[in-house]
Each structure stands twice: as structure tokens, then as C-alpha cells.
>>> print(open('input_12.cif').read())   # mmCIF, C-alpha atoms, pLDDT in the B column; chains and numbers go by the auth columns
data_data
#
loop_
_atom_site.group_PDB
_atom_site.id
_atom_site.type_symbol
_atom_site.label_atom_id
_atom_site.label_comp_id
_atom_site.label_asym_id
_atom_site.label_seq_id
_atom_site.Cartn_x
_atom_site.Cartn_y
_atom_site.Cartn_z
_atom_site.B_iso_or_equiv
_atom_site.auth_seq_id
_atom_site.auth_asym_id
ATOM 1 C CA MET A 1 -51.997 -102.490 111.708 52.00 1 V
ATOM 2 C CA SER A 2 -51.042 -101.646 108.140 53.00 2 V
ATOM 3 C CA LEU A 3 -51.193 -98.160 106.597 52.00 3 V
ATOM 4 C CA PRO A 4 -53.184 -97.571 103.449 54.00 4 V
ATOM 5 C CA ARG A 5 -51.182 -98.150 100.267 52.00 5 V
ATOM 6 C CA GLU A 6 -51.635 -94.547 99.132 51.00 6 V
ATOM 7 C CA ARG A 7 -49.880 -93.305 102.313 53.00 7 V
ATOM 8 C CA LEU A 8 -46.852 -95.576 101.911 48.00 8 V
ATOM 9 C CA GLY A 9 -45.603 -93.924 98.675 52.00 9 V
ATOM 10 C CA PRO A 10 -46.029 -90.647 96.829 56.00 10 V
ATOM 11 C CA ARG A 11 -49.157 -90.269 94.905 63.00 11 V
ATOM 12 C CA LEU A 12 -49.042 -90.155 91.109 57.00 12 V
ATOM 13 C CA GLY A 13 -49.855 -86.439 91.112 59.00 13 V
ATOM 14 C CA ASP A 14 -46.936 -85.711 93.442 61.00 14 V
ATOM 15 C CA ARG A 15 -44.557 -87.632 91.192 58.00 15 V
ATOM 16 C CA LEU A 16 -45.642 -85.689 88.133 52.00 16 V
ATOM 17 C CA ALA A 17 -45.350 -82.384 89.965 57.00 17 V
ATOM 18 C CA HIS A 18 -41.847 -83.253 91.087 57.00 18 V
ATOM 19 C CA ALA A 19 -40.863 -84.289 87.592 53.00 19 V
ATOM 20 C CA VAL A 20 -41.918 -81.021 86.000 51.00 20 V
ATOM 21 C CA ARG A 21 -40.672 -78.787 88.852 57.00 21 V
ATOM 22 C CA PRO A 22 -37.003 -78.000 88.036 55.00 22 V
ATOM 23 C CA GLY A 23 -34.544 -77.899 90.849 58.00 23 V
ATOM 24 C CA TRP A 24 -31.690 -75.381 91.112 50.00 24 V
ATOM 25 C CA THR A 25 -29.243 -77.571 89.214 58.00 25 V
ATOM 26 C CA ARG A 26 -31.733 -78.306 86.472 58.00 26 V
ATOM 27 C CA SER A 27 -32.663 -74.611 86.147 63.00 27 V
ATOM 28 C CA LEU A 28 -29.011 -73.639 85.799 60.00 28 V
ATOM 29 C CA ALA A 29 -28.476 -76.240 83.095 60.00 29 V
ATOM 30 C CA VAL A 30 -31.538 -75.054 81.204 57.00 30 V
ATOM 31 C CA ARG A 31 -30.405 -71.427 81.344 67.00 31 V
ATOM 32 C CA ARG A 32 -26.969 -72.349 80.080 67.00 32 V
ATOM 33 C CA LEU A 33 -28.459 -74.360 77.248 65.00 33 V
ATOM 34 C CA VAL A 34 -30.691 -71.460 76.240 61.00 34 V
ATOM 35 C CA ALA A 35 -27.743 -69.040 76.336 66.00 35 V
ATOM 36 C CA VAL A 36 -25.652 -71.302 74.104 62.00 36 V
ATOM 37 C CA ALA A 37 -28.570 -71.679 71.697 63.00 37 V
ATOM 38 C CA LEU A 38 -28.963 -67.897 71.461 66.00 38 V
ATOM 39 C CA ILE A 39 -25.252 -67.403 70.764 68.00 39 V
ATOM 40 C CA VAL A 40 -25.311 -70.039 68.029 58.00 40 V
ATOM 41 C CA ALA A 41 -28.437 -68.494 66.516 58.00 41 V
ATOM 42 C CA ALA A 42 -26.829 -65.045 66.485 56.00 42 V
ATOM 43 C CA ALA A 43 -23.734 -66.415 64.763 52.00 43 V
ATOM 44 C CA VAL A 44 -25.846 -68.152 62.133 46.00 44 V
ATOM 45 C CA VAL A 45 -27.798 -64.958 61.474 46.00 45 V
ATOM 46 C CA ALA A 46 -24.563 -62.980 61.124 44.00 46 V
ATOM 47 C CA VAL A 47 -23.106 -65.471 58.644 41.00 47 V
ATOM 48 C CA VAL A 48 -26.296 -65.656 56.625 40.00 48 V
ATOM 49 C CA GLY A 49 -26.530 -61.859 56.599 42.00 49 V
ATOM 50 C CA ALA A 50 -22.958 -61.525 55.390 42.00 50 V
ATOM 51 C CA ARG A 51 -23.540 -64.033 52.611 42.00 51 V
ATOM 52 C CA ALA A 52 -26.763 -62.317 51.604 45.00 52 V
ATOM 53 C CA ASP A 53 -24.999 -58.956 51.554 57.00 53 V
ATOM 54 C CA GLY A 54 -22.298 -60.371 49.286 80.00 54 V
ATOM 55 C CA GLU A 55 -18.836 -59.161 48.363 85.00 55 V
ATOM 56 C CA PHE A 56 -18.060 -56.919 45.422 86.00 56 V
ATOM 57 C CA GLU A 57 -14.774 -56.077 43.749 91.00 57 V
ATOM 58 C CA VAL A 58 -14.058 -52.356 43.498 92.00 58 V
ATOM 59 C CA LEU A 59 -11.019 -50.274 42.647 94.00 59 V
ATOM 60 C CA VAL A 60 -9.237 -48.340 45.374 95.00 60 V
ATOM 61 C CA ALA A 61 -6.351 -45.890 45.198 94.00 61 V
ATOM 62 C CA ALA A 62 -3.007 -47.667 45.494 95.00 62 V
ATOM 63 C CA HIS A 63 -1.547 -44.420 46.854 94.00 63 V
ATOM 64 C CA ASP A 64 -2.635 -40.806 47.300 93.00 64 V
ATOM 65 C CA LEU A 65 -3.957 -39.230 44.094 90.00 65 V
ATOM 66 C CA VAL A 66 -3.892 -35.450 43.661 84.00 66 V
ATOM 67 C CA PRO A 67 -6.239 -33.205 41.666 79.00 67 V
ATOM 68 C CA GLY A 68 -5.171 -32.871 38.038 77.00 68 V
ATOM 69 C CA GLN A 69 -3.355 -36.214 38.025 84.00 69 V
ATOM 70 C CA MET A 70 -4.055 -38.565 35.131 86.00 70 V
ATOM 71 C CA VAL A 71 -4.873 -42.064 36.359 91.00 71 V
ATOM 72 C CA ASP A 72 -2.940 -45.078 35.093 91.00 72 V
ATOM 73 C CA ALA A 73 -3.191 -48.769 35.939 89.00 73 V
ATOM 74 C CA GLY A 74 -0.509 -48.535 38.630 92.00 74 V
ATOM 75 C CA ASP A 75 -2.578 -46.025 40.582 94.00 75 V
ATOM 76 C CA LEU A 76 -5.368 -48.528 41.225 94.00 76 V
ATOM 77 C CA THR A 77 -5.730 -51.839 43.000 94.00 77 V
ATOM 78 C CA PRO A 78 -8.761 -54.170 43.236 94.00 78 V
ATOM 79 C CA ARG A 79 -10.321 -54.940 46.599 93.00 79 V
ATOM 80 C CA LEU A 80 -13.237 -57.072 47.796 92.00 80 V
ATOM 81 C CA VAL A 81 -15.646 -55.198 50.066 90.00 81 V
ATOM 82 C CA MET A 82 -19.077 -55.876 51.521 89.00 82 V
ATOM 83 C CA GLY A 83 -21.938 -54.744 49.329 83.00 83 V
ATOM 84 C CA SER A 84 -23.349 -52.453 52.015 85.00 84 V
ATOM 85 C CA THR A 85 -20.127 -50.394 52.019 86.00 85 V
ATOM 86 C CA VAL A 86 -19.955 -49.799 48.250 87.00 86 V
ATOM 87 C CA PRO A 87 -20.768 -46.142 47.471 89.00 87 V
ATOM 88 C CA ALA A 88 -22.876 -45.105 44.498 87.00 88 V
ATOM 89 C CA GLY A 89 -20.822 -44.720 41.334 86.00 89 V
ATOM 90 C CA ALA A 90 -18.004 -47.001 42.520 90.00 90 V
ATOM 91 C CA ILE A 91 -15.726 -48.081 39.666 91.00 91 V
ATOM 92 C CA SER A 92 -14.803 -51.743 39.274 91.00 92 V
ATOM 93 C CA ASP A 93 -13.394 -51.725 35.719 90.00 93 V
ATOM 94 C CA ALA A 94 -9.923 -50.206 35.390 90.00 94 V
ATOM 95 C CA ALA A 95 -10.625 -49.315 31.756 89.00 95 V
ATOM 96 C CA LEU A 96 -13.241 -46.815 32.960 88.00 96 V
ATOM 97 C CA ALA A 97 -10.688 -44.983 35.104 89.00 97 V
ATOM 98 C CA THR A 98 -7.327 -45.102 33.346 89.00 98 V
ATOM 99 C CA GLY A 99 -6.490 -42.039 31.293 86.00 99 V
ATOM 100 C CA ARG A 100 -8.964 -39.823 33.132 86.00 100 V
ATOM 101 C CA THR A 101 -8.125 -36.859 35.365 85.00 101 V
ATOM 102 C CA VAL A 102 -8.643 -36.808 39.119 86.00 102 V
ATOM 103 C CA THR A 103 -10.845 -33.916 40.282 80.00 103 V
ATOM 104 C CA GLY A 104 -10.138 -34.035 44.021 78.00 104 V
ATOM 105 C CA ARG A 105 -7.641 -35.571 46.414 83.00 105 V
ATOM 106 C CA VAL A 106 -8.111 -39.335 46.797 89.00 106 V
ATOM 107 C CA ARG A 107 -6.507 -41.009 49.794 92.00 107 V
ATOM 108 C CA THR A 108 -4.750 -44.369 49.741 94.00 108 V
ATOM 109 C CA GLY A 109 -7.315 -47.173 49.990 94.00 109 V
ATOM 110 C CA GLU A 110 -10.268 -44.926 49.146 93.00 110 V
ATOM 111 C CA ILE A 111 -12.854 -46.450 46.802 93.00 111 V
ATOM 112 C CA LEU A 112 -12.738 -44.645 43.468 92.00 112 V
ATOM 113 C CA THR A 113 -16.076 -43.251 42.234 90.00 113 V
ATOM 114 C CA ASP A 114 -17.099 -41.602 38.980 85.00 114 V
ATOM 115 C CA THR A 115 -17.427 -38.170 40.599 80.00 115 V
ATOM 116 C CA ARG A 116 -13.701 -38.235 41.408 83.00 116 V
ATOM 117 C CA LEU A 117 -12.825 -38.268 37.710 86.00 117 V
ATOM 118 C CA LEU A 118 -13.424 -35.780 34.936 82.00 118 V
ATOM 119 C CA SER A 119 -15.989 -36.838 32.362 81.00 119 V
ATOM 120 C CA SER A 120 -18.436 -35.270 29.948 78.00 120 V
ATOM 121 C CA ARG A 121 -21.192 -36.018 32.460 80.00 121 V
ATOM 122 C CA LEU A 122 -19.490 -34.364 35.431 82.00 122 V
ATOM 123 C CA PRO A 123 -20.765 -30.780 34.888 87.00 123 V
ATOM 124 C CA ALA A 124 -24.381 -31.934 34.719 88.00 124 V
ATOM 125 C CA GLU A 125 -23.913 -34.190 37.747 86.00 125 V
ATOM 126 C CA LEU A 126 -22.457 -31.336 39.802 88.00 126 V
ATOM 127 C CA THR A 127 -24.949 -28.649 38.834 91.00 127 V
ATOM 128 C CA GLY A 128 -28.096 -30.576 37.918 90.00 128 V
ATOM 129 C CA VAL A 129 -28.191 -28.626 34.623 91.00 129 V
ATOM 130 C CA ASP A 130 -28.185 -30.705 31.439 90.00 130 V
ATOM 131 C CA ASP A 131 -26.208 -28.194 29.338 90.00 131 V
ATOM 132 C CA ALA A 132 -23.627 -27.400 32.022 91.00 132 V
ATOM 133 C CA ARG A 133 -20.023 -26.784 31.007 91.00 133 V
ATOM 134 C CA LEU A 134 -16.597 -26.746 32.659 90.00 134 V
ATOM 135 C CA VAL A 135 -14.615 -23.499 32.636 91.00 135 V
ATOM 136 C CA PRO A 136 -11.040 -23.026 33.909 88.00 136 V
ATOM 137 C CA VAL A 137 -10.829 -19.786 35.892 91.00 137 V
ATOM 138 C CA ARG A 138 -7.785 -18.005 37.304 89.00 138 V
ATOM 139 C CA LEU A 139 -8.849 -15.900 40.261 90.00 139 V
ATOM 140 C CA SER A 140 -7.245 -12.600 41.158 86.00 140 V
ATOM 141 C CA ASP A 141 -6.564 -13.675 44.748 85.00 141 V
ATOM 142 C CA GLU A 142 -4.420 -16.764 45.235 85.00 142 V
ATOM 143 C CA ALA A 143 -5.406 -16.923 48.913 87.00 143 V
ATOM 144 C CA VAL A 144 -9.049 -17.371 47.925 89.00 144 V
ATOM 145 C CA THR A 145 -8.070 -20.004 45.379 88.00 145 V
ATOM 146 C CA SER A 146 -6.335 -22.039 48.080 86.00 146 V
ATOM 147 C CA LEU A 147 -9.534 -22.077 50.153 90.00 147 V
ATOM 148 C CA LEU A 148 -11.680 -23.662 47.455 91.00 148 V
ATOM 149 C CA ARG A 149 -12.466 -27.370 47.461 88.00 149 V
ATOM 150 C CA PRO A 150 -14.324 -29.605 44.971 86.00 150 V
ATOM 151 C CA GLY A 151 -18.047 -29.290 45.564 89.00 151 V
ATOM 152 C CA ASP A 152 -17.932 -25.693 46.831 93.00 152 V
ATOM 153 C CA VAL A 153 -20.655 -23.446 45.389 96.00 153 V
ATOM 154 C CA VAL A 154 -19.619 -19.946 44.289 96.00 154 V
ATOM 155 C CA ASP A 155 -20.749 -16.868 42.386 97.00 155 V
ATOM 156 C CA VAL A 156 -18.287 -15.488 39.816 96.00 156 V
ATOM 157 C CA LEU A 157 -17.762 -11.712 39.584 94.00 157 V
ATOM 158 C CA THR A 158 -15.641 -9.310 37.564 92.00 158 V
ATOM 159 C CA ASP A 159 -13.391 -6.689 39.133 87.00 159 V
ATOM 160 C CA SER A 160 -16.246 -4.198 38.625 89.00 160 V
ATOM 161 C CA ALA A 161 -18.630 -6.385 40.671 89.00 161 V
ATOM 162 C CA ASP A 162 -20.637 -7.617 37.686 92.00 162 V
ATOM 163 C CA VAL A 163 -22.037 -11.092 38.387 95.00 163 V
ATOM 164 C CA LEU A 164 -21.125 -13.468 35.563 96.00 164 V
ATOM 165 C CA ALA A 165 -22.371 -16.734 37.061 96.00 165 V
ATOM 166 C CA ARG A 166 -24.379 -17.797 40.067 95.00 166 V
ATOM 167 C CA ARG A 167 -24.104 -21.085 41.941 95.00 167 V
ATOM 168 C CA ALA A 168 -21.176 -22.413 39.942 96.00 168 V
ATOM 169 C CA VAL A 169 -19.672 -25.578 41.429 94.00 169 V
ATOM 170 C CA VAL A 170 -15.961 -26.196 41.924 93.00 170 V
ATOM 171 C CA ALA A 171 -15.146 -29.325 39.921 90.00 171 V
ATOM 172 C CA MET A 172 -11.372 -29.410 40.315 84.00 172 V
ATOM 173 C CA HIS A 173 -8.698 -27.399 42.047 76.00 173 V
ATOM 174 C CA THR A 174 -5.085 -28.463 41.617 65.00 174 V
ATOM 175 C CA GLY A 175 -3.853 -26.363 44.524 60.00 175 V
ATOM 176 C CA GLN A 176 -0.558 -25.832 42.714 52.00 176 V
ATOM 177 C CA SER A 177 0.609 -22.497 41.340 49.00 177 V
ATOM 178 C CA SER A 178 2.684 -22.398 38.202 46.00 178 V
ATOM 179 C CA SER A 179 6.283 -21.282 38.611 45.00 179 V
ATOM 180 C CA GLY A 180 7.207 -17.781 37.625 46.00 180 V
ATOM 181 C CA GLY A 181 7.360 -15.800 40.842 43.00 181 V
ATOM 182 C CA ILE A 182 5.733 -12.515 41.663 41.00 182 V
ATOM 183 C CA ALA A 183 6.360 -11.019 38.252 40.00 183 V
ATOM 184 C CA SER A 184 4.060 -13.446 36.536 46.00 184 V
ATOM 185 C CA GLY A 185 1.119 -12.039 38.553 50.00 185 V
ATOM 186 C CA ARG A 186 -2.302 -13.565 37.960 51.00 186 V
ATOM 187 C CA ASN A 187 -0.931 -16.147 35.528 56.00 187 V
ATOM 188 C CA SER A 188 0.911 -17.832 38.402 60.00 188 V
ATOM 189 C CA VAL A 189 -2.346 -18.611 40.225 69.00 189 V
ATOM 190 C CA ALA A 190 -3.518 -22.186 39.784 76.00 190 V
ATOM 191 C CA PRO A 191 -6.706 -22.384 37.702 83.00 191 V
ATOM 192 C CA VAL A 192 -9.943 -23.581 39.234 89.00 192 V
ATOM 193 C CA LEU A 193 -12.296 -25.665 37.116 90.00 193 V
ATOM 194 C CA LEU A 194 -15.894 -24.508 37.616 94.00 194 V
ATOM 195 C CA ALA A 195 -19.105 -26.173 36.430 93.00 195 V
ATOM 196 C CA MET A 196 -21.960 -23.880 35.370 95.00 196 V
ATOM 197 C CA ASP A 197 -24.675 -23.552 32.746 95.00 197 V
ATOM 198 C CA ALA A 198 -23.564 -22.970 29.150 93.00 198 V
ATOM 199 C CA ALA A 199 -24.516 -19.280 28.946 95.00 199 V
ATOM 200 C CA ALA A 200 -22.667 -18.424 32.145 95.00 200 V
ATOM 201 C CA ALA A 201 -19.684 -20.500 31.029 93.00 201 V
ATOM 202 C CA HIS A 202 -19.347 -18.425 27.857 94.00 202 V
ATOM 203 C CA ARG A 203 -19.528 -15.156 29.829 95.00 203 V
ATOM 204 C CA VAL A 204 -16.928 -16.295 32.333 94.00 204 V
ATOM 205 C CA ALA A 205 -14.560 -17.617 29.661 92.00 205 V
ATOM 206 C CA ALA A 206 -14.743 -14.370 27.695 92.00 206 V
ATOM 207 C CA ALA A 207 -14.375 -12.111 30.725 92.00 207 V
ATOM 208 C CA GLY A 208 -11.426 -14.086 32.029 89.00 208 V
ATOM 209 C CA LEU A 209 -9.361 -13.166 28.978 87.00 209 V
ATOM 210 C CA ASP A 210 -8.881 -9.531 29.983 84.00 210 V
ATOM 211 C CA SER A 211 -10.422 -9.100 33.433 83.00 211 V
ATOM 212 C CA SER A 212 -9.592 -10.262 36.926 85.00 212 V
ATOM 213 C CA LEU A 213 -12.243 -12.581 38.315 93.00 213 V
ATOM 214 C CA ALA A 214 -13.329 -13.191 41.883 93.00 214 V
ATOM 215 C CA VAL A 215 -15.706 -15.589 43.589 94.00 215 V
ATOM 216 C CA VAL A 216 -18.120 -15.387 46.483 94.00 216 V
ATOM 217 C CA LEU A 217 -18.653 -18.622 48.401 93.00 217 V
ATOM 218 C CA HIS A 218 -22.146 -19.727 49.366 92.00 218 V
#
>>> encode(input="input_12.cif", output="C-alpha cells")
Amino acid sequence: MSLPRERLGPRLGDRLAHAVRPGWTRSLAVRRLVAVALIVAAAVVAVVGARADGEFEVLVAAHDLVPGQMVDAGDLTPRLVMGSTVPAGAISDAALATGRTVTGRVRTGEILTDTRLLSSRLPAELTGVDDARLVPVRLSDEAVTSLLRPGDVVDVLTDSADVLARRAVVAMHTGQSSSGGIASGRNSVAPVLLAMDAAAAHRVAAAGLDSSLAVVLH
């Protein structure tokens, strides 16, 4: 007695089901393939992103620069950096930096920006006032002078507590007193360069000729 043909072998539906049903080995291979594909895709995205971001040449400090120092070509070195790391106002042309004065300490390798250098635009950039001016001020207290840093906001007062300027901005502070010892008094205190509106600048400059000046920090 012979069995029906359909009982001797797997039916067509069973074969198809077996073909599409992955076993353990096949599942492992598929997972590995997917993992590799994801890694490759991530690498491609990273490379494409880096190329899209681009590299830019900027100038960085070849060594530490101190406030009051005049920049020359040997103080700068070019460097390629990613576009996303370039700060606003970064300088790439050495001609725009050489011969100008540093306003604040610049560390070795730091990208040089326009706000680190004195310029005719600096007072307005610091204060937001179009007619702002820079005024060198020698304060009566050297200890207070040593506390000031570029960007600090201060009010300027006379020794009789008259307010000469409000919200002046420290543009540069050399941090170095001139030699002369105790006898030289106020003249030995390092000057602080303050940015303020034109009217206040004239008051401060005139008062500083014969009066001790002080500041109040905001």
C-alpha cells in the first residue's frame, strides 16, 4: 500500500516557511551584518560631517602674550582648526594683528581674536556706545588695581565720592607697576585702560590730573 505523494515529502508551504524562518546561526549572522552596517554608516556620517564643517586657518599665540605687549610676527603661528571651533572675530591675517597692543593675557595656542587687541573700534565694542573712548586711569589703591581684569564693569569716583563715570569697562590692565618704590606714590601704580562714553571720558581724564580716583566693581 503506497502513501499519498503529499505525505512522502514536505508540502510547498512548509518549505517556504522553513526558508523564511531564520535559525539561530542565521539570526546571529544577520545581527552581525546589521551591526557592521551601522558602524560603517556612522563612520561615513562622521567623515561627511567633518568635510562639510571644513577647516579654517587661524592665528594662535606662539607663546604667552601679556597685556600691553605689542604683537609682532614671531608672536603668532597659523593653525588649521575645524570651522565649528572658530570663535567670532578670529584673526587669520597676520597683517591685522602685528603692531597692535594686547589688551589681556593670551595663553600659548589660544586663537587670537579682535577683542584681544587694541583698536579704534574696541571702546564701542566693549560698551555698546558709538562715541566711547579709552582713558588710562591710575587708581589710588594698587590692591584694587591688581584685582581688575579686562571686561570688568566699574564706576569711577573721586576721593570726595563724586561719580565721574558709570559702567565703564576695563579694556586693558598691564598688572605691572612702574619702578620707583614707595616714594613715587600713586605714579607707581600701573594704569588701567577704561572704556566709557566720551563725556565721562573727559571728566575722568581731567579729574585724574590732580585727584585720586577709585572704582566700584559691579
>>> axis_aligned_box(input="input_12.cif", around="region 148-160 of chain V", padding_each_side="4 Å", output="AutoDock Vina command-line options")
--center_x -16.2 --center_y -16.9 --center_z 42.5 --size_x 17.1 --size_y 33.4 --size_z 17.9
>>> resolve_selection(input="input_12.cif", expression="the PyMOL selection byres ((chain V and resi 82) around 6)", output="short mmCIF file (atom, residue, chain, number, x, y, z; two decimals) with C-alpha atoms, in the coordinates of the input")
data_model
loop_
_atom_site.label_atom_id
_atom_site.label_comp_id
_atom_site.auth_asym_id
_atom_site.auth_seq_id
_atom_site.Cartn_x
_atom_site.Cartn_y
_atom_site.Cartn_z
CA GLY V 54 -22.30 -60.37 49.29
CA GLU V 55 -18.84 -59.16 48.36
CA VAL V 81 -15.65 -55.20 50.07
CA GLY V 83 -21.94 -54.74 49.33
CA SER V 84 -23.35 -52.45 52.02
CA THR V 85 -20.13 -50.39 52.02
#
>>> closest_residue(input="input_12.cif", among="V:Met196, V:Ala132, V:Val60, V:Leu147", to="Val86 (chain V)", atoms="all atoms listed in the file")
V:Val60
>>> residues_around(input="input_12.cif", residues="Ala214 (chain V)", least_positions_apart="3", cutoff="12 Å", atoms="only C-alpha atoms", output="PDB file with C-alpha atoms, keeping the file's coordinate frame")
ATOM      1  CA  VAL V 137     -10.829 -19.786  35.892  1.00 91.00           C
ATOM      2  CA  ARG V 138      -7.785 -18.005  37.304  1.00 89.00           C
ATOM      3  CA  LEU V 139      -8.849 -15.900  40.261  1.00 90.00           C
ATOM      4  CA  SER V 140      -7.245 -12.600  41.158  1.00 86.00           C
ATOM      5  CA  ASP V 141      -6.564 -13.675  44.748  1.00 85.00           C
ATOM      6  CA  GLU V 142      -4.420 -16.764  45.235  1.00 85.00           C
ATOM      7  CA  ALA V 143      -5.406 -16.923  48.913  1.00 87.00           C
ATOM      8  CA  VAL V 144      -9.049 -17.371  47.925  1.00 89.00           C
ATOM      9  CA  THR V 145      -8.070 -20.004  45.379  1.00 88.00           C
ATOM     10  CA  LEU V 148     -11.680 -23.662  47.455  1.00 91.00           C
ATOM     11  CA  VAL V 154     -19.619 -19.946  44.289  1.00 96.00           C
ATOM     12  CA  ASP V 155     -20.749 -16.868  42.386  1.00 97.00           C
ATOM     13  CA  VAL V 156     -18.287 -15.488  39.816  1.00 96.00           C
ATOM     14  CA  LEU V 157     -17.762 -11.712  39.584  1.00 94.00           C
ATOM     15  CA  THR V 158     -15.641  -9.310  37.564  1.00 92.00           C
ATOM     16  CA  ASP V 159     -13.391  -6.689  39.133  1.00 87.00           C
ATOM     17  CA  SER V 160     -16.246  -4.198  38.625  1.00 89.00           C
ATOM     18  CA  ALA V 161     -18.630  -6.385  40.671  1.00 89.00           C
ATOM     19  CA  ASP V 162     -20.637  -7.617  37.686  1.00 92.00           C
ATOM     20  CA  VAL V 163     -22.037 -11.092  38.387  1.00 95.00           C
ATOM     21  CA  LEU V 164     -21.125 -13.468  35.563  1.00 96.00           C
ATOM     22  CA  ALA V 165     -22.371 -16.734  37.061  1.00 96.00           C
ATOM     23  CA  ARG V 186      -2.302 -13.565  37.960  1.00 51.00           C
ATOM     24  CA  VAL V 192      -9.943 -23.581  39.234  1.00 89.00           C
ATOM     25  CA  VAL V 204     -16.928 -16.295  32.333  1.00 94.00           C
ATOM     26  CA  ALA V 207     -14.375 -12.111  30.725  1.00 92.00           C
ATOM     27  CA  GLY V 208     -11.426 -14.086  32.029  1.00 89.00           C
ATOM     28  CA  SER V 211     -10.422  -9.100  33.433  1.00 83.00           C
ATOM     29  CA  LEU V 217     -18.653 -18.622  48.401  1.00 93.00           C
TER      30      LEU V 217
END
>>> resolve_selection(input="input_12.cif", expression="the PyMOL selection byres ((chain V and resi 104) around 7)", output="list of chain:residue names")
V:Val66, V:Pro67, V:Val102, V:Thr103, V:Arg105, V:Val106, V:Arg116, V:Pro150, V:Met172
>>> closest_residue(input="input_12.cif", among="V:Arg79, V:Arg107, V:Arg166, V:Arg121", to="Phe56 (chain V)", atoms="only C-alpha atoms")
V:Arg79
>>> atom_distance(input="input_12.cif", atom1="CA of Asp131 (chain V)", atom2="CA of Ala90 (chain V)")
24.4 Å
>>> closest_residue(input="input_12.cif", among="V:Ala198, V:Val170, V:Leu117, V:Ala190", to="Ser146 (chain V)", atoms="only C-alpha atoms")
V:Ala190
>>> atom_distance(input="input_12.cif", atom1="CA of Leu134 (chain V)", atom2="CA of Ile91 (chain V)")
22.5 Å
>>> closest_residue(input="input_12.cif", among="V:Ser119, V:Ser92, V:Thr108, V:Thr98", to="Leu65 (chain V)", atoms="all atoms listed in the file")
V:Thr108
>>> residues_near_point(input="input_12.cif", point="(-8.0, -52.6, 44.5)", cutoff="7 Å", atoms="only C-alpha atoms", output="list in words")
Val58, Leu59, Val60, Ala61, Leu76, Thr77, Pro78 and Arg79 of chain V
>>> atom_distance(input="input_12.cif", atom1="CA of Leu193 (chain V)", atom2="CA of Asp64 (chain V)")
20.6 Å
>>> residues_around(input="input_12.cif", residues="Met70 (chain V)", least_positions_apart="2", cutoff="6 Å", atoms="only C-alpha atoms", output="PyMOL selection string")
chain V and resi 99-101
>>> closest_residue(input="input_12.cif", among="V:Ala195, V:Ala73, V:Ala95, V:Leu112", to="Gly128 (chain V)", atoms="all atoms listed in the file")
V:Ala195
>>> closest_residue(input="input_12.cif", among="V:Val135, V:Val71, V:Ala88, V:Ala97", to="His202 (chain V)", atoms="all atoms listed in the file")
V:Val135
